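Colleague: Data: coords22.cif, mmCIF, C-alpha atoms.
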```cif
data_input
loop_
_atom_site.label_atom_id
_atom_site.label_comp_id
_atom_site.auth_asym_id
_atom_site.auth_seq_id
_atom_site.Cartn_x
_atom_site.Cartn_y
_atom_site.Cartn_z
CA MET A 751 99.02 150.74 67.78
CA ALA A 752 97.70 148.38 65.14
CA ASP A 753 94.08 147.44 65.25
CA SER A 754 94.76 143.71 65.25
CA GLU A 755 96.35 143.91 68.68
CA LEU A 756 93.14 145.11 70.26
CA ARG A 757 90.79 142.85 68.35
CA PRO A 758 91.84 139.19 68.40
CA SER A 759 91.63 137.14 65.26
CA TYR A 760 88.60 135.09 64.25
CA TRP A 761 90.05 131.81 65.52
CA ARG A 762 91.10 133.24 68.84
CA ARG A 763 87.68 134.69 69.50
CA TRP A 764 85.67 131.57 68.80
CA LEU A 765 88.13 128.92 69.93
CA PRO A 766 90.38 130.54 72.52
CA HIS A 767 91.63 127.28 74.07
CA PRO A 768 91.45 124.40 71.59
CA LEU A 769 93.01 121.88 73.95
CA LEU A 770 90.43 122.69 76.64
CA THR A 771 87.67 122.26 74.04
CA ALA A 772 88.97 118.81 73.08
CA VAL A 773 89.22 117.74 76.74
CA LEU A 774 85.69 118.98 77.45
CA ILE A 775 84.28 117.05 74.48
CA CYS A 776 85.98 113.84 75.63
CA LEU A 777 84.75 114.36 79.20
CA TRP A 778 81.19 114.94 78.03
CA MET A 779 81.19 111.77 75.93
CA ALA A 780 82.59 109.78 78.86
CA LEU A 781 79.94 111.20 81.17
CA LEU A 782 77.14 110.25 78.79
CA ASN A 783 78.61 106.75 78.40
CA SER A 784 77.39 106.35 74.84
CA TYR A 785 78.77 107.10 71.39
CA SER A 786 75.91 108.98 69.72
CA ALA A 787 75.83 111.90 67.31
CA GLY A 788 73.55 113.94 69.56
CA GLY A 789 75.95 113.62 72.45
CA LEU A 790 78.85 114.70 70.26
CA LEU A 791 76.90 117.75 69.06
CA VAL A 792 76.04 118.87 72.58
CA GLY A 793 79.66 118.21 73.56
CA ILE A 794 80.93 120.46 70.77
CA VAL A 795 78.52 123.23 71.75
CA LEU A 796 79.57 123.02 75.40
CA GLY A 797 83.23 122.79 74.44
CA MET A 798 82.95 126.03 72.55
CA VAL A 799 80.73 127.93 74.98
CA ILE A 800 82.59 127.22 78.24
CA PRO A 801 86.06 128.48 77.15
CA ILE A 802 84.50 131.61 75.64
CA TYR A 803 82.61 132.52 78.80
CA THR A 804 85.48 131.73 81.15
CA GLY A 805 88.11 133.16 78.82
CA HIS A 806 88.92 136.11 81.05
CA PHE A 807 90.24 133.85 83.80
CA TRP A 808 93.03 132.44 81.68
CA PRO A 809 94.26 134.91 79.06
CA GLU A 810 97.19 132.84 77.78
CA ARG A 811 97.29 129.35 76.40
CA PRO A 812 99.66 126.94 78.14
CA GLU A 813 102.64 126.10 75.99
CA ILE A 814 102.96 122.35 75.50
CA ARG A 815 106.11 121.50 73.69
CA SER A 816 105.68 117.87 72.72
CA PRO A 817 102.52 115.74 73.07
CA PHE A 818 104.38 112.46 72.51
CA LYS A 819 106.62 113.09 75.47
CA ALA A 820 103.51 113.92 77.51
CA ILE A 821 102.07 110.48 76.77
CA ALA A 822 105.39 108.80 77.55
CA PHE A 823 105.58 110.69 80.84
CA LEU A 824 102.04 109.59 81.75
CA ALA A 825 103.00 105.99 81.05
CA ILE A 826 106.06 106.30 83.29
CA VAL A 827 104.01 107.80 86.11
CA MET A 828 101.39 105.05 85.86
CA PHE A 829 104.11 102.42 86.02
CA ASP A 830 105.69 104.07 89.07
CA VAL A 831 102.35 104.38 90.84
CA VAL A 832 101.60 100.69 90.45
CA VAL A 833 105.05 99.29 91.18
CA ALA A 834 106.11 101.46 94.08
CA ASN A 835 102.79 101.13 95.98
CA ILE A 836 103.82 97.56 96.69
CA GLN A 837 106.85 98.88 98.52
CA VAL A 838 104.73 101.28 100.59
CA ALA A 839 102.35 98.41 101.42
CA TYR A 840 105.34 96.45 102.70
CA LEU A 841 106.47 99.44 104.78
CA ILE A 842 103.04 99.98 106.30
CA LEU A 843 102.41 96.34 107.12
CA PHE A 844 105.71 94.99 108.25
CA ARG A 845 108.01 97.75 109.44
CA PRO A 846 107.82 98.53 113.18
CA ARG A 847 106.96 102.08 114.09
CA ASP A 848 110.24 103.36 115.43
CA GLN A 849 112.24 102.14 112.48
CA LEU A 850 110.52 104.50 110.03
CA ARG A 851 112.92 107.30 109.19
CA SER A 852 110.51 110.03 108.11
CA ARG A 853 112.07 113.26 107.11
CA TRP A 854 111.42 116.65 105.49
CA VAL A 855 113.38 117.28 102.30
CA ALA A 856 113.74 120.54 100.36
CA VAL A 857 113.88 120.13 96.58
CA PRO A 858 115.20 123.07 94.53
CA LEU A 859 113.21 123.59 91.36
CA ASP A 860 114.19 124.44 87.78
CA LEU A 861 110.64 124.73 86.47
CA THR A 862 109.12 128.20 86.53
CA SER A 863 105.60 128.02 85.12
CA PRO A 864 102.69 127.29 87.50
CA GLU A 865 101.46 124.45 85.28
CA GLY A 866 104.84 122.74 85.37
CA ILE A 867 105.17 123.04 89.14
CA THR A 868 101.61 121.72 89.57
CA VAL A 869 102.30 118.65 87.43
CA LEU A 870 105.52 117.99 89.34
CA THR A 871 103.73 118.30 92.69
CA ALA A 872 100.98 115.91 91.64
CA THR A 873 103.56 113.41 90.39
CA ILE A 874 105.60 113.59 93.60
CA THR A 875 102.47 113.02 95.69
CA LEU A 876 101.23 110.13 93.57
CA THR A 877 104.48 108.17 93.61
CA PRO A 878 104.77 106.45 96.92
CA GLY A 879 107.27 107.47 99.50
CA THR A 880 106.85 111.21 99.08
CA VAL A 881 104.16 113.82 99.73
CA ALA A 882 104.65 117.38 98.51
CA SER A 883 103.65 119.74 101.30
CA ASP A 884 104.60 123.32 100.64
CA LEU A 885 106.18 125.71 98.19
CA SER A 886 108.60 128.43 99.14
CA ALA A 887 107.33 131.98 98.93
CA ASP A 888 109.33 132.79 95.81
CA GLY A 889 108.38 129.53 94.14
CA ARG A 890 111.85 128.05 93.74
CA THR A 891 111.87 125.29 96.36
CA LEU A 892 109.45 122.49 97.15
CA LEU A 893 109.04 121.00 100.62
CA VAL A 894 108.58 117.24 100.46
CA HIS A 895 107.86 114.79 103.27
CA CYS A 896 109.41 111.37 102.74
CA LEU A 897 108.17 108.30 104.53
CA ASP A 898 111.33 106.24 104.72
CA VAL A 899 114.59 107.69 103.46
CA ASP A 900 118.17 107.01 104.37
CA ASP A 901 119.88 109.11 101.72
CA GLU A 902 118.27 112.50 101.14
CA ALA A 903 120.50 113.55 98.27
CA ALA A 904 119.66 110.37 96.37
CA THR A 905 115.92 111.07 96.74
CA VAL A 906 116.32 114.65 95.50
CA ARG A 907 118.42 113.46 92.58
CA ARG A 908 115.88 110.82 91.67
CA ILE A 909 112.99 113.29 91.71
CA LYS A 910 114.88 115.80 89.61
CA HIS A 911 116.25 113.32 87.11
CA ARG A 912 113.23 111.13 86.68
CA TYR A 913 110.34 113.60 86.81
CA GLU A 914 111.47 117.19 86.61
CA ARG A 915 113.71 116.68 83.62
CA ARG A 916 110.89 115.00 81.72
CA ILE A 917 108.35 117.65 82.68
CA GLY A 918 110.81 120.33 81.59
CA GLU A 919 110.68 118.88 78.11
CA ILE A 920 106.90 119.27 78.00
CA LEU A 921 106.13 122.45 79.94
CA PRO A 922 108.50 125.34 80.66
CA MET B 407 84.78 82.62 91.46
CA ILE B 408 83.69 86.22 91.37
CA GLN B 409 81.41 85.68 94.37
CA TYR B 410 84.34 84.63 96.56
CA ALA B 411 86.40 87.59 95.38
CA LEU B 412 83.45 89.91 96.04
CA THR B 413 83.03 88.52 99.55
CA PHE B 414 86.72 89.15 100.26
CA GLY B 415 86.35 92.63 98.78
CA PHE B 416 83.37 93.50 100.96
CA VAL B 417 85.11 92.26 104.12
CA ALA B 418 88.32 94.17 103.35
CA VAL B 419 86.58 97.46 102.54
CA SER B 420 84.36 97.20 105.63
CA ALA B 421 87.41 96.59 107.82
CA ALA B 422 89.02 99.65 106.22
CA LEU B 423 85.91 101.71 107.10
CA MET B 424 86.13 100.51 110.71
CA MET B 425 89.77 101.60 110.90
CA ASN B 426 88.87 105.00 109.51
CA LEU B 427 86.22 105.32 112.23
CA TYR B 428 88.88 104.52 114.83
CA ARG B 429 91.08 107.30 113.52
CA LEU B 430 88.10 109.65 113.37
CA VAL B 431 87.34 109.09 117.05
CA LYS B 432 90.90 108.99 118.33
CA GLY B 433 92.76 111.51 116.14
CA PRO B 434 94.56 114.00 118.35
CA THR B 435 94.37 116.90 115.91
CA VAL B 436 91.60 118.26 113.71
CA MET B 437 93.41 117.35 110.51
CA ASP B 438 93.47 113.69 111.50
CA ARG B 439 89.70 113.74 111.54
CA VAL B 440 89.45 115.54 108.20
CA LEU B 441 91.75 112.95 106.64
CA ALA B 442 89.67 110.14 108.15
CA VAL B 443 86.44 111.56 106.70
CA ASP B 444 87.96 111.95 103.24
CA THR B 445 89.31 108.40 103.30
CA MET B 446 85.92 107.12 104.48
CA VAL B 447 84.23 108.59 101.41
CA VAL B 448 86.79 107.05 99.05
CA ASN B 449 86.29 103.66 100.72
CA THR B 450 82.53 104.10 100.31
CA ILE B 451 83.10 104.65 96.59
CA ALA B 452 84.91 101.30 96.46
CA LEU B 453 81.99 99.71 98.31
CA ILE B 454 79.46 101.13 95.86
CA ILE B 455 81.47 99.85 92.89
CA LEU B 456 81.69 96.36 94.37
CA TYR B 457 77.96 96.39 95.05
CA GLY B 458 77.32 97.41 91.44
CA ILE B 459 79.40 94.45 90.26
CA ARG B 460 77.43 92.14 92.51
CA GLU B 461 74.03 93.32 91.32
CA SER B 462 75.23 93.51 87.66
CA THR B 463 73.85 96.99 87.14
CA THR B 464 75.53 100.21 86.10
CA LEU B 465 73.01 102.26 88.05
CA TYR B 466 75.33 103.24 90.87
CA PHE B 467 78.20 104.90 89.05
CA GLU B 468 76.66 108.33 89.05
CA SER B 469 76.35 108.24 92.81
CA ALA B 470 80.00 107.15 93.10
CA LEU B 471 81.10 110.05 90.90
CA LEU B 472 78.98 112.48 92.91
CA MET B 473 80.45 111.27 96.19
CA ALA B 474 83.98 111.68 94.84
CA MET B 475 83.26 115.26 93.82
CA PHE B 476 81.59 116.15 97.11
CA SER B 477 84.34 114.67 99.24
CA PHE B 478 86.98 116.65 97.37
CA ILE B 479 85.08 119.92 97.69
CA SER B 480 84.30 119.41 101.35
CA THR B 481 87.91 118.53 102.23
CA VAL B 482 89.10 121.66 100.43
CA ALA B 483 86.50 123.71 102.32
CA TYR B 484 87.59 122.31 105.72
CA CYS B 485 91.24 122.99 105.00
CA ARG B 486 90.62 126.51 103.74
CA PHE B 487 88.65 127.23 106.86
CA ALA B 488 91.48 125.87 109.03
CA LEU B 489 94.05 127.94 107.13
CA ARG B 490 92.25 131.24 106.75
CA GLY B 491 89.14 131.31 108.90
CA ASP B 492 86.94 131.90 105.87
CA VAL B 493 85.96 129.57 103.07
CA ILE B 494 85.21 132.03 100.28
CA GLU B 495 86.61 135.51 100.60
CA MET C 457 86.47 83.02 77.25
CA HIS C 458 84.17 83.72 80.09
CA ASP C 459 86.43 81.83 82.52
CA ARG C 460 89.44 83.93 81.61
CA PHE C 461 87.46 87.09 82.20
CA GLU C 462 86.23 85.74 85.53
CA ILE C 463 89.73 85.09 86.78
CA LEU C 464 90.93 88.51 85.63
CA ILE C 465 87.99 90.26 87.32
CA ALA C 466 88.49 88.29 90.53
CA ILE C 467 92.22 89.12 90.62
CA HIS C 468 91.53 92.83 90.17
CA ILE C 469 88.88 92.86 92.89
CA VAL C 470 91.18 91.09 95.35
CA ILE C 471 94.16 93.34 94.62
CA GLY C 472 92.03 96.50 94.77
CA ALA C 473 90.41 95.56 98.06
CA PHE C 474 93.79 94.59 99.52
CA PHE C 475 95.27 98.00 98.70
CA VAL C 476 92.24 99.78 100.15
CA PHE C 477 92.74 97.77 103.36
CA VAL C 478 96.47 98.54 103.50
CA GLY C 479 95.83 102.24 102.96
CA SER C 480 93.47 102.43 105.89
CA PHE C 481 95.66 100.20 108.03
CA GLY C 482 98.33 102.85 107.62
CA LEU C 483 95.91 105.35 109.18
CA VAL C 484 95.79 103.28 112.34
CA LYS C 485 99.37 102.22 112.66
CA LEU C 486 101.61 105.14 111.69
CA PRO C 487 102.74 107.56 114.38
CA SER C 488 102.31 111.07 113.04
CA LEU C 489 99.89 112.92 110.75
CA MET C 490 102.43 113.56 108.01
CA SER C 491 103.26 109.87 107.72
CA ARG C 492 99.56 109.02 107.90
CA LEU C 493 98.97 111.11 104.76
CA HIS C 494 100.90 108.63 102.61
CA GLY C 495 98.44 105.77 103.03
CA PRO C 496 95.14 107.22 101.85
CA SER C 497 96.46 109.42 99.09
CA LYS C 498 98.28 106.61 97.32
CA ALA C 499 97.20 103.13 98.35
CA THR C 500 93.50 103.87 98.64
CA THR C 501 93.43 105.67 95.28
CA LEU C 502 95.17 102.74 93.63
CA GLY C 503 92.83 100.26 95.33
CA VAL C 504 89.73 102.08 94.09
CA GLY C 505 91.32 102.18 90.64
CA GLY C 506 91.75 98.41 90.76
CA CYS C 507 88.08 97.90 91.71
CA LEU C 508 87.06 100.22 88.88
CA ILE C 509 89.13 98.27 86.34
CA ALA C 510 87.40 95.10 87.56
CA SER C 511 84.05 96.81 87.04
CA MET C 512 85.02 97.89 83.51
CA LEU C 513 86.02 94.32 82.65
CA HIS C 514 82.86 92.92 84.18
CA PHE C 515 80.49 95.13 82.24
CA GLY C 516 82.61 94.77 79.12
CA ALA C 517 82.26 91.00 79.27
CA LEU C 518 78.57 91.24 80.12
CA GLU C 519 77.40 93.68 77.47
CA GLY C 520 80.16 93.44 74.91
CA ARG C 521 80.98 97.13 74.84
CA VAL C 522 83.48 99.18 76.78
CA SER C 523 81.98 101.58 79.29
CA ILE C 524 84.19 104.59 80.04
CA GLN C 525 82.35 106.01 82.99
CA GLU C 526 84.59 104.21 85.47
CA MET C 527 87.67 105.75 83.89
CA LEU C 528 86.13 109.12 84.68
CA ILE C 529 85.95 108.32 88.40
CA THR C 530 89.54 107.00 88.38
CA PHE C 531 90.78 110.04 86.49
CA PHE C 532 89.02 112.37 88.92
CA LEU C 533 90.44 110.55 91.96
CA PHE C 534 93.97 110.60 90.56
CA ILE C 535 93.76 114.32 90.01
CA THR C 536 92.15 115.31 93.30
CA ALA C 537 93.94 112.99 95.75
CA PRO C 538 97.26 114.94 95.55
CA VAL C 539 95.39 118.22 95.97
CA THR C 540 93.67 117.11 99.17
CA ALA C 541 96.91 115.65 100.54
CA HIS C 542 98.69 118.96 99.87
CA PHE C 543 95.94 121.00 101.49
CA ILE C 544 95.82 118.82 104.61
CA ALA C 545 99.62 119.03 104.87
CA LYS C 546 99.50 122.84 104.60
CA ALA C 547 96.79 123.15 107.25
CA HIS C 548 98.80 120.88 109.55
CA LEU C 549 101.96 122.92 108.94
CA HIS C 550 100.07 126.09 109.78
CA ALA C 551 98.62 124.76 113.02
CA GLU C 552 101.17 122.45 114.54
CA VAL C 553 104.65 122.71 113.10
CA ASP C 554 107.27 125.22 114.16
CA PRO C 555 109.24 126.27 111.06
CA GLU C 556 112.49 127.09 112.83
CA SER C 557 113.03 123.78 114.50
CA GLU C 558 111.60 121.12 112.21
CA LEU C 559 111.64 122.20 108.59
CA PRO C 560 114.76 122.43 106.41
CA PRO C 561 115.73 126.03 105.66
CA ASP C 562 114.45 127.48 102.45
CA GLU C 563 117.18 128.53 100.08
CA GLY C 564 115.48 131.80 99.16
CA ARG C 565 115.14 134.78 101.40
CA TYR C 566 111.47 134.59 102.18
CA GLY C 567 110.80 131.19 103.74
CA TRP C 568 108.01 128.71 103.18
CA SER C 569 104.77 130.19 101.91
CA THR C 570 102.59 128.92 104.76
CA PHE C 571 104.61 130.98 107.24
CA ALA C 572 105.86 134.00 105.31
CA THR C 573 105.08 135.76 102.04
CA MET C 574 107.02 137.80 99.55
CA PRO C 575 106.48 141.56 99.72
CA GLU C 576 104.22 142.41 96.81
CA VAL C 577 105.32 144.53 93.93
CA ARG C 578 102.73 147.24 93.66
CA MET C 579 101.96 149.21 90.53
CA ALA C 580 102.61 152.91 90.95
CA SER C 581 99.43 154.39 92.36
CA ARG C 582 97.73 157.37 90.78
CA GLU C 583 98.63 159.72 93.62
CA SER C 584 102.33 159.00 93.48
CA ARG C 585 102.36 159.39 89.71
CA SER C 586 100.65 162.74 89.68
CA ALA C 587 102.70 163.90 92.65
CA SER C 588 105.98 163.24 90.91
CA GLY C 589 104.73 164.82 87.72
CA ASP C 590 104.90 161.78 85.46
CA ARG C 591 102.43 161.52 82.66
CA LEU C 592 101.18 158.58 80.68
CA GLU C 593 102.74 158.43 77.27
CA SER C 594 100.08 158.55 74.64
#
```
Translate this file's structure into structure tokens.
Modeller:
Amino acid sequence: MADSELRPSYWRRWLPHPLLTAVLICLWMALLNSYSAGGLLVGIVLGMVIPIYTGHFWPERPEIRSPFKAIAFLAIVMFDVVVANIQVAYLILFRPRDQLRSRWVAVPLDLTSPEGITVLTATITLTPGTVASDLSADGRTLLVHCLDVDDEAATVRRIKHRYERRIGEILP
Amino acid sequence: MIQYALTFGFVAVSAALMMNLYRLVKGPTVMDRVLAVDTMVVNTIALIILYGIRESTTLYFESALLMAMFSFISTVAYCRFALRGDVIE
Amino acid sequence: MHDRFEILIAIHIVIGAFFVFVGSFGLVKLPSLMSRLHGPSKATTLGVGGCLIASMLHFGALEGRVSIQEMLITFFLFITAPVTAHFIAKAHLHAEVDPESELPPDEGRYGWSTFATMPEVRMASRESRSASGDRLES
């Protein structure tokens, strides 16, 4: 048993989650609403103290494979949110009640990490037409409620091809 | 120009709040009412933002942020109570 | 310059308020709770985002600098709206929905997690270890 396994390295002790530190600094600057050196200093102090004190709750860092694909995925999701809401507005305003074909759909998952499944669930709920409701007990299937669907297999294929494939390139 | 748009905005958000109140009174199940309360708070955030535009002051954004946080926490607390009978175990 | 900003701000306010109205109109009109979830979690969030972009533009044109505090509210709403929709759906499934008749069957053996759970894998307890004579390897 080598000693370095028990005692983490210098970087890991003082900066256990560098991505969380960066996000906290950006959040603090946005909350202060001003670009000043004092705010940045307090942000850096907070960004270092909070991950150290809460470090026991998340022992491992999430593995993010490619930041550029993450930004591209965010852009795609934003585009889908804006464009497809128009279709849901049309459905809510103009479609009579009994012509809505609402249905429950089960989507089998390829992602295994909790972060990946969480991002997929949030994306499915944000894009109009679908709300993610439940996860199976072994974590391999997602229960999705669709507002108006005539072809279930096409919906499942679209979710898997458009979102899950892209998330799989970012998170495991 | 902005004043006309603001008037339309106020009327639309107030009508949305009235419809949420209808669902809050009528909703057959408990979850209908929880959803109506959560949507009411989000509509109130929109109302606060529009009021801040009208008065040309950035004073009200902290209250909007606080309301967003409180509505999220209270909806999660209601749903945990409905699912488990206890909010924090 | 100021006119162009005015038209942009007015368009964003009108679109945002319209989506907020449509989201709440869905609460009144749609027949069941699960279909009523779609309105607030998507249309209302987008409508408030539109009003917030109008506010950013307004104060950007007024003071000449970009204020990011509105992006914080939008960011927070976009992250928490799916969570609340999921929670309300789970509570509704627990209280009102019968899993045999209405939900599609789960492909695994254990069912949906609101109704059934996996049997837990337990670490070998101290009594069973000492009873069977195993020892920790040093």
Colleague: Which residues, named as in the file, does the PyMOL selection byres ((chain C) within 7 of (chain B)) pick out? Answer as a list in words.
Modeller: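 Selection result, ordered by chain and number: Glu462, Ala466, Ile469, Val470, Ala473, Phe474, Val476, Phe477, Ser480, Phe481, Leu483, Val484, Leu489, Pro496, Val504, Cys507, Leu508, Ser511, Ile529, Thr536, Thr540, Phe543, Ile544, Ala547, His548 and His550 of chain C.
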Colleague: Counting all atoms listed in the file, select every polymer residue within 10 Å of (109.2, 130.4, 80.2) as defined in the file's coordinates, and provide the selection as an MDAnalysis selection string.
Modeller: chainID A and resid 813 861:863 921:922
Colleague: I need the output of the PyMOL selection byres ((chain A and resi 913) around 9) for this file as a list in words; which residues are they?
Modeller: Phe823, Val827, Leu870, Thr873, Ile874, Arg908, Ile909, Lys910, His911, Arg912, Glu914, Arg915, Arg916, Ile917 and Gly918 of chain A
Colleague: Counting all atoms listed in the file, which residues have an atom no more than 8 Å from (111.2, 122.7, 106.9) in the file's coordinates? Please list them as a list of chain:residue names.
Modeller: A:Trp854, A:Val855, A:Ala856, A:Leu893, C:Pro555, C:Glu556, C:Ser557, C:Glu558, C:Leu559, C:Pro560, C:Pro561, C:Asp562, C:Trp568
Colleague: For the file shown, report as a list in words the outcome of the PyMOL selection byres ((chain C) within 6 of (chain A)) at residue level.
Modeller: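 For this structure, the PyMOL selection byres ((chain C) within 6 of (chain A)) resolves to Gly482, Lys498, Ile524, Gln525, Pro538, His542, Ala545, Tyr566, Gly567, Trp568, Ser569, Thr573 and Met574 of chain C.
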Colleague: What does the file look like for those residues with C-alpha atoms, as a JSON list (two decimals), in the coordinates of the input?
Modeller:
```json
[["chain", "number", "residue", "atom", "x", "y", "z"],
["C", 482, "GLY", "CA", 98.33, 102.85, 107.62],
["C", 498, "LYS", "CA", 98.28, 106.61, 97.32],
["C", 524, "ILE", "CA", 84.19, 104.59, 80.04],
["C", 525, "GLN", "CA", 82.35, 106.01, 82.99],
["C", 538, "PRO", "CA", 97.26, 114.94, 95.55],
["C", 542, "HIS", "CA", 98.69, 118.96, 99.87],
["C", 545, "ALA", "CA", 99.62, 119.03, 104.87],
["C", 566, "TYR", "CA", 111.47, 134.59, 102.18],
["C", 567, "GLY", "CA", 110.80, 131.19, 103.74],
["C", 568, "TRP", "CA", 108.01, 128.71, 103.18],
["C", 569, "SER", "CA", 104.77, 130.19, 101.91],
["C", 573, "THR", "CA", 105.08, 135.76, 102.04],
["C", 574, "MET", "CA", 107.02, 137.80, 99.55]]
```
Colleague: Near C:His458, within 10 Å and counting all atoms listed in the file, which residues show up once chain neighbours fewer than 6 positions away are dropped, as a PDB file with C-alpha atoms, in the coordinates of the input?
Modeller:
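Contents of around-v4.pdb, freshly written:
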```
ATOM      1  CA  LEU C 464      90.930  88.510  85.630  1.00  0.00           C
ATOM      2  CA  ALA C 517      82.260  91.000  79.270  1.00  0.00           C
ATOM      3  CA  LEU C 518      78.570  91.240  80.120  1.00  0.00           C
TER       4      LEU C 518
END
```
Colleague: In Å, with one decimal, what is the gap from atom CA of A:Arg845 to atom CA of C:Ala551?
Modeller: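 The value is 28.8 Å.
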Colleague: Might you pull out every residue within 7 Å of C:Ile465, with all atoms listed in the file counted and same-chain residues fewer than 4 positions away left off, and present them as a ChimeraX atom specification?
Modeller: /C:461,469,510,513-514
Colleague: Work out how far apart atom CA of A:Pro809 and atom CA of A:Pro758 are and give it in Å to one decimal.
Modeller: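 Result for atom CA of A:Pro809 versus atom CA of A:Pro758: 11.7 Å, one decimal.
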Colleague: Any idea what the distance is between atom CA of A:Ile794 and atom CA of C:Leu528?
Modeller: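 Straight-line distance from atom CA of A:Ile794 to atom CA of C:Leu528 works out to 18.7 Å.
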Colleague: With distances taken over all atoms listed in the file, which residue among C:Leu493, C:Gly503, C:Val478, C:Pro487 lies nearest C:Val539?
Modeller: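 Closest to C:Val539, using all atoms listed in the file: C:Leu493.
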